[in-house]
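Peer 1: Got a structure for you, questions after.
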Amino acid sequence: MTTEIVFPGIEEYMAPYYGHFHRSESRELAECYLAGLLMDGERKSVEPMSEKVNASERSMQRLLSTAKWDDQLVAEQFRRTMLDVTSDPQGILVLDDTGFPKKGYDSVCVARQYCGASGKTDNCQIGVSMTYVGRDVAWPYAMELFVPESWDQQNDDCTAKRKKAHMPESAHHKSKWRMALDFVDLARKDNVPHRAVLADSWYGNIPEFRKELESRGENYILGAYSNTQVFLEQPVFEIAPVKEHNRGRPRTRPKVISTSPEPVKLSVLGASIADDAWQRLELRLNSKDKPLVAEAVSMRVWPALGWRQGNHHEQVWLLIERRLLNLGGYELRYFFSNMPQHLATIDLARLYHERYWIEHGYQQLKEELGLDHHEGRSWTTKKTEECDSAEQLDSEKVDTGQRRFVLKIKHLKTWRHRCCSLRSSERWRRKQRLKGMPSLPDVRHQIAKLLVQILKC
């Protein structure tokens, strides 16, 4: 008895992408790979998926490594398809990065770096991504593998590592915030309608990142660390006079003697706010359909990062959010924004909380589609797996009005009875043959009984 697994709509969904695969075999393998991602299972690496869809493990590995297909054109087609049904003038661009813990050191771009998944500096890969939120749908617009400095050095060891991982010569180290800016530029090039850019504190505490967004005319709401200093009034710096020295290098930066007013830390500022100044806000419904409640206050400030070197920063909104902890006390969170001054505090708070969707997306990509289950070590396989996982996550979410692009098999309660047949894998047949065989302890027991009978004779 063989079983055929049918996914209604998968051919219709894959049709726009067929032209980017050079051979029919690659197109068929791509369908099998996407079907494997949709099926239930604890692991979404190639070996268990190939067993479920009755495809050769070696051929599916070839799809990820050496098969001829253009991942960039596939990604462009995916973005066009998604924007056709989710484009929204009130859309939001959300930037973040996520880690993939690794045990070995041979996988491409693995290094000792901070990993959010483990909450510490660990051996991992990092993926930087941007999510688009529009029309109540969130989907990953772009994702790239972060290249650490240790993978972009001019020495024999680094050259050997890059060659072994098949890294292209065009892949070089770039700061995460610059990669995030490239994603914003890509969205602007594609004329993606949006009203704001959101990111967490790691990006918000980089003045250059805020300035680059400002220069592009982008509105933003970015997190800030509690030890960040700000001015409550526009600062006036007193610069030390430049002395003429006959020896030594001339001073390249002005030396600030004093400033008026003095900068204050965000943690000190948040603790000094009176209880009657906080506004109670209902942001949205949580997973249990209960309102997510927080208290917030906003004010205009000037960031003070690098003020001792005479650095001036633009005036921005400071949003402070307060939440009651279960064990008592409050948790304070801080955000910088250049949104219009007439915007209400509750609108700022609600807008930033749209960042929830990128965290939710990472969780879905890892739990449902195995983004961190990938076992390939080369540059090509990792790029391909990220592209397919992101594409498949959102093909489930968007409804065309007639049918979904792809039907998840776990939603089909009676799929085993409706499907026609397909040959089972060789490994499954081998397991069936071994089912009736006795276990090793039983064999040992029988041998022992036989030896006892022989000795009695």
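In the structure tokens, the first chain shown is A, the next is B, and so on; residue numbers restart at 1 for each chain, and ligands run from 1 in the order shown.
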I'd like the neighbourhood of A:Ile92 as a PyMOL selection string, where a residue qualifies if any of its atoms comes within 10 Å (using only C-alpha atoms), though same-chain residues fewer than 5 positions away should be ignored.

Peer 2: chain A and resi 131-134+138+192-198+220+351-352+354-355

Peer 1: Write to file, as a CSV table (one decimal), in the first residue's frame, the residues of the selection just made, with N, CA and C atoms.

Peer 2:
```
chain,number,residue,atom,x,y,z
A,131,THR,N,11.0,42.8,8.3
A,131,THR,CA,9.6,42.3,8.1
A,131,THR,C,8.7,43.5,7.7
A,132,TYR,N,7.8,43.2,6.8
A,132,TYR,CA,6.8,44.2,6.4
A,132,TYR,C,5.5,43.9,7.0
A,133,VAL,N,4.9,44.9,7.7
A,133,VAL,CA,3.6,44.7,8.3
A,133,VAL,C,2.6,45.6,7.5
A,134,GLY,N,1.6,45.0,6.9
A,134,GLY,CA,0.6,45.7,6.2
A,134,GLY,C,-0.7,44.9,6.0
A,138,ALA,N,2.0,40.2,8.4
A,138,ALA,CA,3.4,40.4,8.6
A,138,ALA,C,4.2,39.3,7.9
A,192,VAL,N,7.8,50.5,-1.8
A,192,VAL,CA,6.9,49.9,-0.7
A,192,VAL,C,6.3,51.0,0.1
A,193,PRO,N,5.0,51.1,0.2
A,193,PRO,CA,4.3,52.1,1.0
A,193,PRO,C,4.5,51.8,2.5
A,194,HIS,N,5.0,52.8,3.3
A,194,HIS,CA,5.1,52.6,4.7
A,194,HIS,C,5.2,53.9,5.4
A,195,ARG,N,4.9,53.9,6.7
A,195,ARG,CA,4.9,55.2,7.4
A,195,ARG,C,6.0,55.3,8.5
A,196,ALA,N,6.7,54.2,8.8
A,196,ALA,CA,7.7,54.2,9.9
A,196,ALA,C,8.6,53.0,9.8
A,197,VAL,N,9.8,53.2,10.4
A,197,VAL,CA,10.7,52.1,10.6
A,197,VAL,C,10.9,51.8,12.1
A,198,LEU,N,10.9,50.5,12.4
A,198,LEU,CA,11.0,50.2,13.8
A,198,LEU,C,12.2,49.3,14.0
A,220,TYR,N,10.9,57.1,12.3
A,220,TYR,CA,11.4,55.9,13.0
A,220,TYR,C,10.9,55.9,14.4
A,351,LEU,N,2.3,52.1,17.8
A,351,LEU,CA,3.1,52.0,16.6
A,351,LEU,C,4.3,51.1,16.9
A,352,TYR,N,5.0,51.4,18.0
A,352,TYR,CA,6.2,50.6,18.3
A,352,TYR,C,5.9,49.2,18.6
A,354,GLU,N,4.1,47.3,17.1
A,354,GLU,CA,4.0,46.5,15.9
A,354,GLU,C,5.3,45.7,15.7
A,355,ARG,N,6.3,46.0,16.4
A,355,ARG,CA,7.6,45.2,16.4
A,355,ARG,C,7.4,43.8,16.8
```

Peer 1: Would you mind listing what lies within 8 Å of stretch 313-330 of chain A as JSON, numbers by chain, with only C-alpha atoms counted and same-chain residues fewer than 3 positions away left out?

Peer 2: {"A": [207, 270, 293, 294, 295, 296, 297, 298, 299, 300, 301, 302, 303, 304, 333, 334, 335, 336, 337, 338, 339, 341, 345, 348, 349]}

Peer 1: Keeping N, CA and C atoms, export the residues of the selection given above as a PDB file, in the first residue's frame.

Peer 2:
```pdb
ATOM      1  N   PRO A 207      24.002  56.484  16.690  1.00  0.00           N
ATOM      2  CA  PRO A 207      23.614  57.792  16.113  1.00  0.00           C
ATOM      3  C   PRO A 207      23.664  57.807  14.596  1.00  0.00           C
ATOM      4  N   GLY A 270      13.409  58.384  34.064  1.00  0.00           N
ATOM      5  CA  GLY A 270      12.190  57.599  34.206  1.00  0.00           C
ATOM      6  C   GLY A 270      11.751  57.446  35.650  1.00  0.00           C
ATOM      7  N   VAL A 293      -2.097  46.158  28.528  1.00  0.00           N
ATOM      8  CA  VAL A 293      -2.169  47.469  29.161  1.00  0.00           C
ATOM      9  C   VAL A 293      -0.768  47.918  29.564  1.00  0.00           C
ATOM     10  N   ALA A 294      -0.467  49.190  29.341  1.00  0.00           N
ATOM     11  CA  ALA A 294       0.796  49.780  29.759  1.00  0.00           C
ATOM     12  C   ALA A 294       0.556  51.240  30.095  1.00  0.00           C
ATOM     13  N   GLU A 295       1.521  51.840  30.761  1.00  0.00           N
ATOM     14  CA  GLU A 295       1.495  53.265  31.060  1.00  0.00           C
ATOM     15  C   GLU A 295       2.672  53.910  30.339  1.00  0.00           C
ATOM     16  N   ALA A 296       2.464  55.100  29.822  1.00  0.00           N
ATOM     17  CA  ALA A 296       3.507  55.736  29.023  1.00  0.00           C
ATOM     18  C   ALA A 296       3.462  57.246  29.201  1.00  0.00           C
ATOM     19  N   VAL A 297       4.598  57.863  28.893  1.00  0.00           N
ATOM     20  CA  VAL A 297       4.727  59.309  28.890  1.00  0.00           C
ATOM     21  C   VAL A 297       5.725  59.662  27.792  1.00  0.00           C
ATOM     22  N   SER A 298       5.557  60.806  27.164  1.00  0.00           N
ATOM     23  CA  SER A 298       6.468  61.216  26.096  1.00  0.00           C
ATOM     24  C   SER A 298       6.899  62.659  26.312  1.00  0.00           C
ATOM     25  N   MET A 299       8.101  62.976  25.822  1.00  0.00           N
ATOM     26  CA  MET A 299       8.656  64.326  25.937  1.00  0.00           C
ATOM     27  C   MET A 299       9.708  64.517  24.852  1.00  0.00           C
ATOM     28  N   ARG A 300      10.111  65.768  24.619  1.00  0.00           N
ATOM     29  CA  ARG A 300      11.132  66.088  23.623  1.00  0.00           C
ATOM     30  C   ARG A 300      12.486  66.189  24.309  1.00  0.00           C
ATOM     31  N   VAL A 301      13.498  65.522  23.733  1.00  0.00           N
ATOM     32  CA  VAL A 301      14.845  65.511  24.318  1.00  0.00           C
ATOM     33  C   VAL A 301      15.877  65.595  23.197  1.00  0.00           C
ATOM     34  N   TRP A 302      17.154  65.763  23.618  1.00  0.00           N
ATOM     35  CA  TRP A 302      18.293  65.736  22.703  1.00  0.00           C
ATOM     36  C   TRP A 302      19.232  64.622  23.154  1.00  0.00           C
ATOM     37  N   PRO A 303      19.439  63.563  22.360  1.00  0.00           N
ATOM     38  CA  PRO A 303      20.389  62.517  22.759  1.00  0.00           C
ATOM     39  C   PRO A 303      21.776  63.105  22.994  1.00  0.00           C
ATOM     40  N   ALA A 304      22.476  62.567  24.002  1.00  0.00           N
ATOM     41  CA  ALA A 304      23.763  63.151  24.427  1.00  0.00           C
ATOM     42  C   ALA A 304      24.942  62.240  24.146  1.00  0.00           C
ATOM     43  N   ARG A 333      10.838  50.992  29.888  1.00  0.00           N
ATOM     44  CA  ARG A 333      11.451  50.829  28.572  1.00  0.00           C
ATOM     45  C   ARG A 333      11.457  52.176  27.876  1.00  0.00           C
ATOM     46  N   TYR A 334      12.492  52.410  27.041  1.00  0.00           N
ATOM     47  CA  TYR A 334      12.722  53.740  26.471  1.00  0.00           C
ATOM     48  C   TYR A 334      12.856  53.638  24.950  1.00  0.00           C
ATOM     49  N   PHE A 335      12.361  54.698  24.263  1.00  0.00           N
ATOM     50  CA  PHE A 335      12.375  54.706  22.805  1.00  0.00           C
ATOM     51  C   PHE A 335      12.627  56.129  22.293  1.00  0.00           C
ATOM     52  N   PHE A 336      13.396  56.221  21.195  1.00  0.00           N
ATOM     53  CA  PHE A 336      13.599  57.479  20.473  1.00  0.00           C
ATOM     54  C   PHE A 336      12.738  57.462  19.213  1.00  0.00           C
ATOM     55  N   SER A 337      12.218  58.639  18.836  1.00  0.00           N
ATOM     56  CA  SER A 337      11.404  58.725  17.627  1.00  0.00           C
ATOM     57  C   SER A 337      11.490  60.119  17.032  1.00  0.00           C
ATOM     58  N   ASN A 338      11.399  60.186  15.699  1.00  0.00           N
ATOM     59  CA  ASN A 338      11.331  61.473  15.006  1.00  0.00           C
ATOM     60  C   ASN A 338       9.965  61.669  14.335  1.00  0.00           C
ATOM     61  N   MET A 339       8.949  60.977  14.869  1.00  0.00           N
ATOM     62  CA  MET A 339       7.596  61.125  14.334  1.00  0.00           C
ATOM     63  C   MET A 339       7.126  62.559  14.521  1.00  0.00           C
ATOM     64  N   GLN A 341       5.454  66.001  15.710  1.00  0.00           N
ATOM     65  CA  GLN A 341       5.266  66.422  17.095  1.00  0.00           C
ATOM     66  C   GLN A 341       3.809  66.354  17.546  1.00  0.00           C
ATOM     67  N   THR A 345       0.779  60.300  22.487  1.00  0.00           N
ATOM     68  CA  THR A 345       1.603  59.291  23.151  1.00  0.00           C
ATOM     69  C   THR A 345       1.089  57.890  22.871  1.00  0.00           C
ATOM     70  N   LEU A 348       2.207  56.682  19.464  1.00  0.00           N
ATOM     71  CA  LEU A 348       3.611  56.270  19.455  1.00  0.00           C
ATOM     72  C   LEU A 348       3.771  54.882  20.047  1.00  0.00           C
ATOM     73  N   ALA A 349       3.122  54.645  21.191  1.00  0.00           N
ATOM     74  CA  ALA A 349       3.251  53.360  21.867  1.00  0.00           C
ATOM     75  C   ALA A 349       2.665  52.227  21.025  1.00  0.00           C
TER      76      ALA A 349
END
```

Peer 1: Quick check for you: according to DSSP on this backbone, which residues of stretch 125-239 of chain A are classed as helix (DSSP H, G or I)? Reply as a ChimeraX atom specification.

Peer 2: /A:149-151,156-164,176-189,201-204,207-215

Peer 1: Mind giving me the straight-line distance from atom CA of A:Gly119 to atom CA of A:Glu282 in Å, one decimal?

Peer 2: 29.5 Å

Peer 1: What residues in stretch 79-181 of chain A get the DSSP label strand (DSSP E or B)? Please answer as a short mmCIF file (atom, residue, chain, number, x, y, z; two decimals) with N, CA and C atoms, in the first residue's frame.

Peer 2:
```cif
data_model
loop_
_atom_site.label_atom_id
_atom_site.label_comp_id
_atom_site.auth_asym_id
_atom_site.auth_seq_id
_atom_site.Cartn_x
_atom_site.Cartn_y
_atom_site.Cartn_z
N ILE A 92 4.48 49.19 7.86
CA ILE A 92 5.61 49.43 8.76
C ILE A 92 6.75 48.50 8.37
N LEU A 93 7.98 49.02 8.42
CA LEU A 93 9.19 48.22 8.21
C LEU A 93 9.82 47.94 9.58
N VAL A 94 10.00 46.66 9.90
CA VAL A 94 10.54 46.26 11.20
C VAL A 94 11.88 45.57 10.98
N LEU A 95 12.93 46.04 11.65
CA LEU A 95 14.28 45.53 11.49
C LEU A 95 14.72 44.78 12.74
N ASP A 96 15.42 43.68 12.56
CA ASP A 96 15.93 42.92 13.70
C ASP A 96 16.90 41.87 13.18
N ASP A 97 17.51 41.13 14.11
CA ASP A 97 18.37 40.01 13.74
C ASP A 97 18.11 38.85 14.69
N THR A 98 18.42 37.65 14.25
CA THR A 98 18.21 36.46 15.06
C THR A 98 19.39 35.53 14.92
N GLY A 99 19.61 34.69 15.95
CA GLY A 99 20.77 33.81 15.96
C GLY A 99 20.39 32.35 15.78
N PHE A 100 21.36 31.59 15.22
CA PHE A 100 21.21 30.15 15.04
C PHE A 100 22.38 29.47 15.72
N PRO A 101 22.20 28.94 16.94
CA PRO A 101 23.32 28.31 17.66
C PRO A 101 23.89 27.13 16.88
N ALA A 111 30.68 32.08 14.26
CA ALA A 111 31.69 32.77 15.07
C ALA A 111 31.15 32.93 16.49
N ARG A 112 32.04 33.28 17.40
CA ARG A 112 31.63 33.59 18.77
C ARG A 112 31.07 35.01 18.77
N GLN A 113 29.77 35.12 18.98
CA GLN A 113 29.08 36.40 18.96
C GLN A 113 27.80 36.28 19.78
N TYR A 114 27.21 37.43 20.09
CA TYR A 114 25.99 37.38 20.92
C TYR A 114 24.87 36.69 20.15
N CYS A 115 24.23 35.74 20.82
CA CYS A 115 23.13 34.98 20.21
C CYS A 115 21.88 35.21 21.04
N LYS A 120 23.27 34.82 25.29
CA LYS A 120 24.66 35.01 25.72
C LYS A 120 25.56 34.97 24.49
N THR A 121 26.84 35.28 24.69
CA THR A 121 27.81 35.13 23.61
C THR A 121 28.03 33.65 23.37
N ASP A 122 27.81 33.21 22.14
CA ASP A 122 27.82 31.78 21.86
C ASP A 122 28.32 31.56 20.44
N ASN A 123 28.58 30.31 20.12
CA ASN A 123 28.97 29.92 18.78
C ASN A 123 27.71 29.86 17.91
N CYS A 124 27.58 30.76 16.95
CA CYS A 124 26.31 30.83 16.22
C CYS A 124 26.49 31.54 14.89
N GLN A 125 25.43 31.47 14.08
CA GLN A 125 25.26 32.29 12.89
C GLN A 125 24.22 33.36 13.20
N ILE A 126 24.30 34.50 12.50
CA ILE A 126 23.35 35.59 12.70
C ILE A 126 22.70 35.93 11.36
N GLY A 127 21.39 36.05 11.38
CA GLY A 127 20.66 36.50 10.20
C GLY A 127 19.99 37.83 10.48
N VAL A 128 20.24 38.83 9.63
CA VAL A 128 19.63 40.15 9.75
C VAL A 128 18.45 40.19 8.78
N SER A 129 17.30 40.69 9.24
CA SER A 129 16.11 40.64 8.39
C SER A 129 15.25 41.87 8.58
N MET A 130 14.33 42.04 7.64
CA MET A 130 13.33 43.10 7.71
C MET A 130 11.96 42.49 7.43
N THR A 131 11.00 42.82 8.29
CA THR A 131 9.62 42.34 8.13
C THR A 131 8.72 43.50 7.72
N TYR A 132 7.82 43.22 6.79
CA TYR A 132 6.84 44.22 6.38
C TYR A 132 5.51 43.89 7.02
N VAL A 133 4.90 44.89 7.66
CA VAL A 133 3.60 44.73 8.30
C VAL A 133 2.60 45.60 7.54
N GLY A 134 1.61 44.97 6.92
CA GLY A 134 0.61 45.71 6.17
C GLY A 134 -0.68 44.92 6.03
N VAL A 137 -1.15 41.70 8.01
CA VAL A 137 -0.30 40.57 7.64
C VAL A 137 1.15 40.99 7.79
N ALA A 138 1.96 40.16 8.43
CA ALA A 138 3.39 40.43 8.58
C ALA A 138 4.17 39.33 7.86
N TRP A 139 5.15 39.72 7.05
CA TRP A 139 5.94 38.73 6.31
C TRP A 139 7.36 39.23 6.14
N PRO A 140 8.36 38.32 6.14
CA PRO A 140 9.77 38.73 6.03
C PRO A 140 10.09 39.25 4.64
N TYR A 141 10.43 40.51 4.56
CA TYR A 141 10.70 41.15 3.27
C TYR A 141 12.07 40.75 2.74
N ALA A 142 13.05 40.66 3.62
CA ALA A 142 14.41 40.30 3.20
C ALA A 142 15.17 39.74 4.40
N MET A 143 16.11 38.86 4.13
CA MET A 143 16.98 38.31 5.17
C MET A 143 18.33 37.98 4.56
N GLU A 144 19.40 38.34 5.27
CA GLU A 144 20.76 38.08 4.82
C GLU A 144 21.57 37.52 5.97
N LEU A 145 22.57 36.69 5.63
CA LEU A 145 23.47 36.13 6.62
C LEU A 145 24.55 37.16 6.95
#
```

Peer 1: Do you have, as a tab-separated table, the list of residues of stretch 61-175 of chain A lying at most 10 Å from stretch 32-53 of chain A, each with its nearest atom pair and that distance in Å to one decimal, counting only C-alpha atoms and ordered by chain then number?

Peer 2:
```
residue	atom	partner	partner_atom	distance
A:Gln61	CA	A:Val46	CA	6.8
A:Leu63	CA	A:Tyr33	CA	8.9
A:Leu64	CA	A:Val46	CA	9.4
```

Peer 1: Would you save the residues from that selection as a tab-separated table (two decimals), in the first residue's frame, using C-alpha atoms?

Peer 2:
```
chain	number	residue	atom	x	y	z
A	61	GLN	CA	20.70	18.31	-1.16
A	63	LEU	CA	18.72	21.51	-4.99
A	64	LEU	CA	20.17	23.49	-2.08
```

Peer 1: Hey, can you check how far atom CA of A:Asn219 sits from atom CA of A:Arg79?

Peer 2: 22.3 Å

Peer 1: Just checking: using only C-alpha atoms, which residue out of A:Leu269, A:His312, A:Gln364, A:Trp177 ends up closest to A:Gln234?

Peer 2: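 Of A:Leu269, A:His312, A:Gln364, A:Trp177, the one nearest A:Gln234 is A:His312, counting only C-alpha atoms.
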
Peer 1: To one decimal place, how far is atom CA of A:Glu11 from atom CA of A:Ser65 in Å?

Peer 2: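 Computing it gives 23.1 Å between the two atoms.
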
Peer 1: Between A:Asp200, A:Met167, A:Ser150, A:Val110, which is the closest to A:Ile358 once you count only C-alpha atoms?

Peer 2: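 With only C-alpha atoms as the atom set, the closest residue is A:Asp200.
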
Peer 1: Rank A:Asp190, A:Asp372, A:Asp106, A:Glu367 by their smallest atom-to-atom distance to A:Trp151, using only C-alpha atoms, and report the top residue only.

Peer 2: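 Result for the nearest residue to A:Trp151: A:Asp106.
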
Peer 1: At a cut-off of 10 Å, using only C-alpha atoms, what residues contact A:Lys68? Leave out same-chain residues fewer than 6 positions from it and give the result as a list in words.

Peer 2: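 Residues meeting the cut-off are His20, Phe21, His22, Arg23, Ser26 and Arg62 of chain A.
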